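Shown here: work-v8.csv, CSV, C-alpha atoms.
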```
chain,number,residue,atom,x,y,z
A,1,MET,CA,5.4,-15.2,7.4
A,2,GLY,CA,5.9,-18.8,6.4
A,3,ALA,CA,4.3,-20.6,3.5
A,4,ALA,CA,1.6,-22.1,5.7
A,5,ASP,CA,0.7,-18.6,7.1
A,6,LYS,CA,0.2,-17.4,3.6
A,7,LYS,CA,-2.7,-19.8,3.2
A,8,ARG,CA,-4.2,-19.3,6.6
A,9,ILE,CA,-7.7,-17.7,6.7
A,10,LEU,CA,-9.6,-16.5,9.7
A,11,ILE,CA,-13.4,-16.9,9.6
A,12,ALA,CA,-15.2,-14.7,12.1
A,13,ASP,CA,-19.0,-15.2,12.4
A,14,ASP,CA,-21.4,-16.1,15.2
A,15,GLN,CA,-23.3,-18.5,13.0
A,16,GLU,CA,-21.7,-21.9,13.5
A,17,ALA,CA,-23.3,-23.5,10.4
A,18,LEU,CA,-21.9,-20.8,8.1
A,19,ARG,CA,-18.4,-21.1,9.7
A,20,SER,CA,-18.5,-24.8,9.3
A,21,LEU,CA,-19.5,-24.6,5.6
A,22,LEU,CA,-16.8,-22.1,4.8
A,23,SER,CA,-14.2,-24.1,6.7
A,24,ARG,CA,-15.0,-27.3,4.7
A,25,MET,CA,-14.9,-25.4,1.4
A,26,LEU,CA,-11.6,-23.8,2.3
A,27,LEU,CA,-10.0,-27.1,3.4
A,28,ARG,CA,-11.0,-28.7,0.0
A,29,GLU,CA,-9.2,-25.8,-1.7
A,30,GLY,CA,-6.0,-26.3,0.3
A,31,PHE,CA,-6.4,-23.4,2.7
A,32,GLU,CA,-6.1,-23.5,6.5
A,33,PRO,CA,-9.2,-22.1,8.0
A,34,ILE,CA,-9.4,-20.9,11.6
A,35,GLU,CA,-12.9,-20.2,13.2
A,36,ALA,CA,-13.9,-17.5,15.7
A,37,SER,CA,-17.4,-17.2,17.1
A,38,ASP,CA,-17.2,-13.5,18.0
A,39,GLY,CA,-15.1,-10.4,17.4
A,40,GLU,CA,-12.9,-10.7,20.6
A,41,GLN,CA,-12.0,-14.3,19.9
A,42,ALA,CA,-11.2,-13.3,16.3
A,43,ILE,CA,-8.7,-10.6,17.3
A,44,GLU,CA,-7.1,-13.0,19.8
A,45,LEU,CA,-6.6,-15.6,17.1
A,46,TYR,CA,-5.4,-13.0,14.6
A,47,ARG,CA,-2.7,-11.8,17.0
A,48,SER,CA,-1.5,-15.4,17.8
A,49,LEU,CA,-1.8,-17.0,14.4
A,50,SER,CA,-1.3,-14.1,11.9
A,51,PRO,CA,-3.6,-15.2,9.0
A,52,SER,CA,-3.1,-13.3,5.8
A,53,LEU,CA,-6.8,-13.1,5.0
A,54,VAL,CA,-9.8,-12.5,7.3
A,55,ILE,CA,-13.5,-13.2,6.4
A,56,SER,CA,-15.7,-11.5,8.9
A,57,ASP,CA,-19.4,-10.8,9.6
A,58,ILE,CA,-20.2,-7.1,10.2
A,59,MET,CA,-22.5,-7.8,13.2
A,60,MET,CA,-21.0,-10.1,15.9
A,61,PRO,CA,-21.1,-10.3,19.7
A,62,LYS,CA,-18.4,-8.5,21.7
A,63,MET,CA,-16.7,-6.8,18.8
A,64,ASP,CA,-18.3,-5.9,15.4
A,65,GLY,CA,-16.7,-6.3,12.1
A,66,LEU,CA,-15.8,-2.6,11.6
A,67,THR,CA,-13.9,-2.6,15.0
A,68,LEU,CA,-12.2,-5.9,14.1
A,69,LEU,CA,-11.1,-4.4,10.8
A,70,THR,CA,-9.7,-1.3,12.5
A,71,GLU,CA,-7.8,-3.4,15.1
A,72,ILE,CA,-6.4,-5.7,12.4
A,73,LYS,CA,-5.2,-2.8,10.3
A,74,LYS,CA,-3.4,-1.4,13.3
A,75,ILE,CA,-1.4,-4.6,13.6
A,76,ASP,CA,-0.8,-5.3,9.9
A,77,PRO,CA,-2.3,-2.9,7.3
A,78,SER,CA,-1.5,-5.3,4.5
A,79,THR,CA,-4.0,-8.0,5.8
A,80,ALA,CA,-6.9,-8.5,3.4
A,81,VAL,CA,-10.4,-8.4,5.0
A,82,ILE,CA,-13.6,-9.6,3.3
A,83,LEU,CA,-16.8,-8.7,5.0
A,84,MET,CA,-20.1,-10.6,5.1
A,85,THR,CA,-23.3,-8.7,5.8
A,86,GLY,CA,-27.0,-8.4,5.3
A,87,HIS,CA,-29.4,-5.6,4.7
A,88,GLY,CA,-29.5,-2.8,7.3
A,89,ASN,CA,-25.7,-2.6,7.8
A,90,GLU,CA,-24.9,-0.4,4.7
A,91,ASP,CA,-23.6,2.6,6.6
A,92,ILE,CA,-21.2,0.4,8.6
A,93,LEU,CA,-20.2,-1.5,5.5
A,94,LEU,CA,-19.3,1.6,3.5
A,95,LYS,CA,-17.2,2.9,6.4
A,96,ALA,CA,-15.4,-0.5,6.5
A,97,LEU,CA,-14.7,-0.4,2.8
A,98,GLN,CA,-13.4,3.1,3.1
A,99,GLY,CA,-11.3,1.9,6.0
A,100,GLY,CA,-9.4,-0.7,3.9
A,101,ALA,CA,-11.7,-3.7,3.6
A,102,THR,CA,-11.0,-5.4,0.3
A,103,ASN,CA,-14.5,-6.7,-0.6
A,104,PHE,CA,-17.9,-7.7,0.7
A,105,PHE,CA,-20.6,-10.4,0.2
A,106,LYS,CA,-24.3,-10.0,1.0
A,107,LYS,CA,-25.8,-12.9,2.9
A,108,PRO,CA,-26.9,-15.3,1.6
A,109,PHE,CA,-24.1,-15.5,-1.0
A,110,ASN,CA,-22.7,-18.0,-3.5
A,111,VAL,CA,-19.8,-19.7,-1.7
A,112,ARG,CA,-18.1,-20.4,-5.0
A,113,GLY,CA,-18.0,-16.7,-5.7
A,114,LEU,CA,-16.3,-16.1,-2.4
A,115,ILE,CA,-13.7,-18.8,-3.1
A,116,ARG,CA,-13.0,-17.1,-6.5
A,117,GLU,CA,-12.4,-13.8,-4.7
A,118,ILE,CA,-10.1,-15.5,-2.2
A,119,TYR,CA,-8.0,-17.0,-5.0
A,120,LYS,CA,-7.8,-13.6,-6.6
A,121,ILE,CA,-6.6,-12.0,-3.4
A,122,PHE,CA,-4.0,-14.6,-2.7
A,123,GLN,CA,-2.6,-14.5,-6.2
A,124,TYR,CA,-2.1,-10.7,-5.9
A,125,LYS,CA,-0.7,-11.0,-2.3
A,126,VAL,CA,1.9,-13.5,-3.5
A,127,GLU,CA,2.9,-10.9,-6.1
A,128,GLU,CA,3.5,-8.3,-3.4
A,129,VAL,CA,6.9,-9.8,-2.8
A,130,LYS,CA,8.0,-8.7,-6.2
A,131,SER,CA,7.3,-5.1,-5.2
A,132,TYR,CA,10.5,-5.1,-3.3
A,133,PHE,CA,12.3,-4.9,-6.6
A,134,TYR,CA,11.0,-1.4,-7.3
A,135,SER,CA,13.4,1.5,-7.6
A,136,PRO,CA,13.1,4.4,-5.2
A,137,TYR,CA,14.7,6.6,-7.8
A,138,LEU,CA,11.9,6.3,-10.3
A,139,VAL,CA,10.8,9.7,-11.7
A,140,SER,CA,8.1,8.5,-14.1
A,141,GLU,CA,7.1,5.5,-16.2
A,142,THR,CA,4.5,4.7,-18.8
A,143,LYS,CA,3.4,1.2,-19.9
A,144,GLU,CA,1.0,0.0,-22.6
A,145,PHE,CA,-0.7,-3.4,-23.0
A,146,VAL,CA,-3.3,-5.0,-25.3
A,147,LEU,CA,-5.7,-7.8,-24.2
A,148,THR,CA,-7.8,-9.8,-26.6
A,149,THR,CA,-11.3,-10.8,-25.4
A,150,GLY,CA,-10.7,-14.4,-26.3
A,151,ASN,CA,-7.6,-14.7,-24.1
A,152,PRO,CA,-7.9,-12.1,-21.2
A,153,GLN,CA,-4.9,-12.6,-19.0
A,154,TYR,CA,-5.4,-10.0,-16.3
A,155,HIS,CA,-2.9,-10.8,-13.6
A,156,PRO,CA,0.4,-10.3,-15.5
A,157,ILE,CA,-0.8,-6.8,-16.7
A,158,VAL,CA,-2.1,-5.8,-13.3
A,159,ASN,CA,1.1,-6.9,-11.6
A,160,GLN,CA,3.3,-5.1,-14.2
A,161,ILE,CA,1.6,-1.7,-13.9
A,162,THR,CA,1.6,-1.8,-10.1
A,163,LEU,CA,5.2,-3.1,-9.7
A,164,GLN,CA,6.6,0.4,-8.9
A,165,LEU,CA,3.6,1.6,-6.8
A,166,PRO,CA,5.6,1.5,-3.5
A,167,CYS,CA,7.3,4.7,-4.8
A,168,LEU,CA,3.9,6.4,-4.4
A,169,LEU,CA,1.8,4.5,-2.0
A,170,ALA,CA,1.9,2.4,1.2
A,171,ASP,CA,1.9,-1.4,0.6
A,172,SER,CA,-1.4,-1.6,2.4
A,173,GLU,CA,-3.2,0.3,-0.4
A,174,ILE,CA,-1.8,-1.6,-3.3
A,175,LEU,CA,-3.8,-4.8,-3.1
A,176,ASN,CA,-7.1,-3.0,-3.3
A,177,LEU,CA,-5.9,-1.0,-6.3
A,178,LYS,CA,-5.0,-4.2,-8.0
A,179,ILE,CA,-8.5,-5.6,-7.3
A,180,GLY,CA,-10.0,-2.4,-8.7
A,181,ILE,CA,-8.0,-2.5,-11.9
A,182,GLU,CA,-9.1,-6.1,-12.5
A,183,GLU,CA,-12.7,-5.1,-11.9
A,184,MET,CA,-12.4,-2.5,-14.7
A,185,LEU,CA,-10.7,-4.9,-17.0
A,186,THR,CA,-13.4,-7.4,-16.4
A,187,ASN,CA,-16.1,-4.8,-17.2
A,188,ALA,CA,-14.3,-3.9,-20.4
A,189,ILE,CA,-14.3,-7.5,-21.5
A,190,GLU,CA,-17.8,-8.6,-20.3
A,191,HIS,CA,-19.9,-5.5,-20.6
A,192,GLY,CA,-17.8,-3.7,-23.2
A,193,ASN,CA,-16.5,-6.1,-25.9
A,194,LEU,CA,-19.0,-8.9,-25.2
A,195,GLY,CA,-22.0,-6.6,-24.7
A,196,ILE,CA,-23.3,-8.4,-21.7
A,197,SER,CA,-25.6,-6.2,-19.6
A,198,PHE,CA,-25.5,-6.2,-15.8
A,199,MET,CA,-29.0,-7.8,-15.7
A,200,GLU,CA,-28.0,-10.5,-18.2
A,201,LYS,CA,-25.0,-11.4,-16.1
A,202,LYS,CA,-27.1,-11.5,-12.9
A,203,ALA,CA,-29.7,-13.8,-14.5
A,204,ALA,CA,-27.0,-16.1,-15.9
A,205,ILE,CA,-25.4,-16.3,-12.4
A,206,GLU,CA,-28.7,-17.1,-10.8
A,207,LYS,CA,-29.3,-19.9,-13.3
A,208,GLY,CA,-25.8,-21.2,-13.2
A,209,LYS,CA,-25.3,-20.5,-16.9
A,210,LEU,CA,-22.6,-17.7,-16.8
A,211,GLY,CA,-20.1,-19.9,-18.7
A,212,GLU,CA,-22.6,-20.6,-21.4
A,213,LEU,CA,-23.4,-16.9,-21.8
A,214,PHE,CA,-19.7,-16.0,-22.2
A,215,ALA,CA,-19.2,-18.8,-24.7
A,216,ASP,CA,-22.2,-17.7,-26.8
A,217,ARG,CA,-21.0,-14.1,-26.9
A,218,LEU,CA,-17.4,-15.1,-27.7
A,219,ARG,CA,-18.7,-17.1,-30.7
A,220,ALA,CA,-20.6,-14.0,-32.0
A,221,GLY,CA,-19.0,-12.4,-35.0
A,222,GLY,CA,-15.6,-11.0,-34.2
A,223,ASN,CA,-16.1,-10.7,-30.4
A,224,ALA,CA,-13.2,-13.0,-29.5
A,225,ASP,CA,-10.8,-10.7,-31.5
A,226,LYS,CA,-11.9,-7.5,-29.9
A,227,ARG,CA,-9.2,-5.7,-27.9
A,228,VAL,CA,-8.9,-3.9,-24.6
A,229,CYS,CA,-6.1,-1.3,-24.6
A,230,ILE,CA,-4.5,-0.4,-21.3
A,231,SER,CA,-2.0,2.3,-20.5
A,232,SER,CA,-0.6,3.4,-17.2
A,233,THR,CA,1.5,6.3,-16.0
A,234,LEU,CA,3.2,6.6,-12.7
A,235,THR,CA,5.0,9.6,-11.3
A,236,SER,CA,6.1,10.7,-7.9
A,237,GLU,CA,2.7,12.4,-7.4
A,238,LEU,CA,0.1,10.4,-9.4
A,239,PHE,CA,-0.8,6.9,-10.7
A,240,THR,CA,-3.2,6.7,-13.6
A,241,VAL,CA,-4.6,3.7,-15.6
A,242,LYS,CA,-6.6,4.2,-18.8
A,243,ILE,CA,-8.7,1.2,-20.1
A,244,ARG,CA,-10.4,1.3,-23.4
A,245,ASP,CA,-12.6,-1.4,-25.0
A,246,GLU,CA,-14.0,-1.8,-28.5
A,247,GLY,CA,-17.6,-2.1,-27.3
A,248,GLY,CA,-20.5,0.3,-27.9
A,249,GLY,CA,-20.1,2.0,-24.5
A,250,PHE,CA,-22.7,2.7,-21.9
A,251,ASP,CA,-24.4,5.6,-20.1
A,252,TRP,CA,-22.1,6.0,-17.2
A,253,ARG,CA,-24.2,8.9,-15.9
A,254,ASN,CA,-26.8,6.4,-14.6
A,255,LEU,CA,-24.3,4.6,-12.3
A,256,PRO,CA,-25.3,4.6,-8.6
A,257,GLU,CA,-23.7,7.2,-6.4
A,258,LEU,CA,-21.2,6.3,-3.8
A,259,LEU,CA,-23.8,6.1,-1.0
A,260,PRO,CA,-24.6,3.3,1.5
A,261,GLU,CA,-28.0,2.5,0.1
A,262,ASN,CA,-26.4,1.7,-3.3
A,263,LEU,CA,-23.9,-0.9,-1.9
A,264,PHE,CA,-26.2,-3.9,-2.7
A,265,SER,CA,-27.1,-2.7,-6.1
A,266,TYR,CA,-26.0,-5.3,-8.6
A,267,SER,CA,-25.6,-2.8,-11.4
A,268,GLY,CA,-22.1,-1.3,-11.3
A,269,ARG,CA,-20.9,-3.1,-8.1
A,270,GLY,CA,-17.3,-3.4,-9.4
A,271,ILE,CA,-17.3,0.2,-10.4
A,272,PHE,CA,-18.7,1.1,-6.9
A,273,LEU,CA,-15.8,-0.7,-5.2
A,274,THR,CA,-13.2,0.8,-7.6
A,275,LYS,CA,-14.5,4.3,-6.8
A,276,ILE,CA,-13.7,3.6,-3.1
A,277,TYR,CA,-10.2,2.3,-3.9
A,278,PHE,CA,-9.2,5.1,-6.3
A,279,ASP,CA,-9.5,8.9,-5.9
A,280,GLU,CA,-11.3,9.4,-9.3
A,281,LEU,CA,-12.9,7.4,-12.1
A,282,VAL,CA,-13.4,9.5,-15.3
A,283,TYR,CA,-15.3,8.1,-18.3
A,284,ASN,CA,-15.2,9.4,-21.9
A,285,GLU,CA,-18.4,10.6,-23.5
A,286,SER,CA,-19.4,7.2,-25.0
A,287,GLY,CA,-18.5,5.2,-21.9
A,288,ASN,CA,-16.0,2.8,-23.6
A,289,GLU,CA,-12.9,4.3,-21.9
A,290,VAL,CA,-12.3,4.9,-18.2
A,291,THR,CA,-9.3,6.5,-16.5
A,292,LEU,CA,-8.5,5.6,-12.9
A,293,LEU,CA,-6.5,8.1,-10.8
A,294,LYS,CA,-4.8,7.7,-7.4
A,295,LYS,CA,-2.9,10.6,-5.9
A,296,LYS,CA,-0.1,10.6,-3.4
A,297,LYS,CA,-1.4,11.2,0.1
A,298,ARG,CA,-0.3,14.3,1.9
A,299,LEU,CA,0.8,13.9,5.5
```
Let's see the structure in the file written out as structure tokens.
Amino acid sequence: MGAADKKRILIADDQEALRSLLSRMLLREGFEPIEASDGEQAIELYRSLSPSLVISDIMMPKMDGLTLLTEIKKIDPSTAVILMTGHGNEDILLKALQGGATNFFKKPFNVRGLIREIYKIFQYKVEEVKSYFYSPYLVSETKEFVLTTGNPQYHPIVNQITLQLPCLLADSEILNLKIGIEEMLTNAIEHGNLGISFMEKKAAIEKGKLGELFADRLRAGGNADKRVCISSTLTSELFTVKIRDEGGGFDWRNLPELLPENLFSYSGRGIFLTKIYFDELVYNESGNEVTLLKKKKRL
């Protein structure tokens, strides 16, 4: 795959206005968008042009988003797929996420939020090349890191603790695990150390004042110096990541269950996705520490 292919994005949706809007936004960001008006055209374009990211509606003529995802994963399991959907498609959406989709957005959605997700995916996909430096002779490794709330650099840590994952898992699984780890680090900073509730964040996003909210909380006494401690262990059978913040914790028992009807719940969305990516999420009693576990698949 050449450099141009790495920035090629396929947009599959039967709404011309939405495709056009996304294409314009992606062009401004330096990406190369390709448009498909139905599922069959999308798979044809995918086969001929090999984009590294696909943004697809769930419900389309001729081939729905779940079928498109399945066909894409047969061709190249490492392709990232973001789904767009509305209410009424929750069962199909959950199956798609369990089948390897990376993320989803509920229509209507904030296009800038989608662009941020795209940048995150491309940053991690570029780092996949470094995975070829892993050692197949690794028996076990443990790594520890500390983040400060005032300077949260997620990507170097996520890429370091997943560098040797090809010893345990297929490359096609690793991108989603990276996204899940970042979701949990983000929660530790925002909801843990800064004490921002899910509803406060939602209200700030709706008002376009999320940056102001973060700045206010960072200025509050000692918040910028609060730490997040991360430790990871990788063996030939298991990958674990433990994330602990210095916040007051939360009642994790009230998190929504992994059910289709909870997909559009704002509270705990990142946790919901991470539960799909990993085999287990285990919280300590107070809720300020979470352990993520991914086991080796048995054939």
Two-atom distance - CA of Pro61 in chain A, CA of Ile121 in chain A (Å) = 27.3 Å
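Taking only C-alpha atoms into account, Glu183 in chain A lies nearest to A:Ile243 out of the set A:Met59, A:Leu234, A:Ile243, A:Ile34.
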key: Top pick for closest residue to Gln41 in chain A, considering A:Glu190, A:Ser56, A:Lys242, A:Phe264 and counting all atoms listed in the file   = A:Ser56
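With CA of Leu97 in chain A on one side and CA of Tyr277 in chain A on the other, the separation reads 8.5 Å.
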ask   = Of the candidates A:Met25, A:Leu218, A:Leu10, A:Leu49, which one gets nearest to Leu68 in chain A if we count all atoms listed in the file?
value = A:Leu10
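Residue nearest Asn223 in chain A within the list A:Ile189, A:Ile82, A:Leu210, A:Val146: A:Ile189 [criterion: smallest interatomic distance, all atoms listed in the file].
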ask   = Between A:Gln164, A:Asn288, A:Gln98, A:Thr148, which is the closest to Thr70 in chain A once you count all atoms listed in the file?
value =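 Closest to Thr70 in chain A, using all atoms listed in the file: A:Gln98.
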query = In terms of the shortest atom-to-atom distance over only C-alpha atoms, which of A:Leu27, A:Lys209, A:Met184, A:Ala101 is closest to Tyr283 in chain A?
reply =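 So, comparing all the options, the nearest one is A:Met184.
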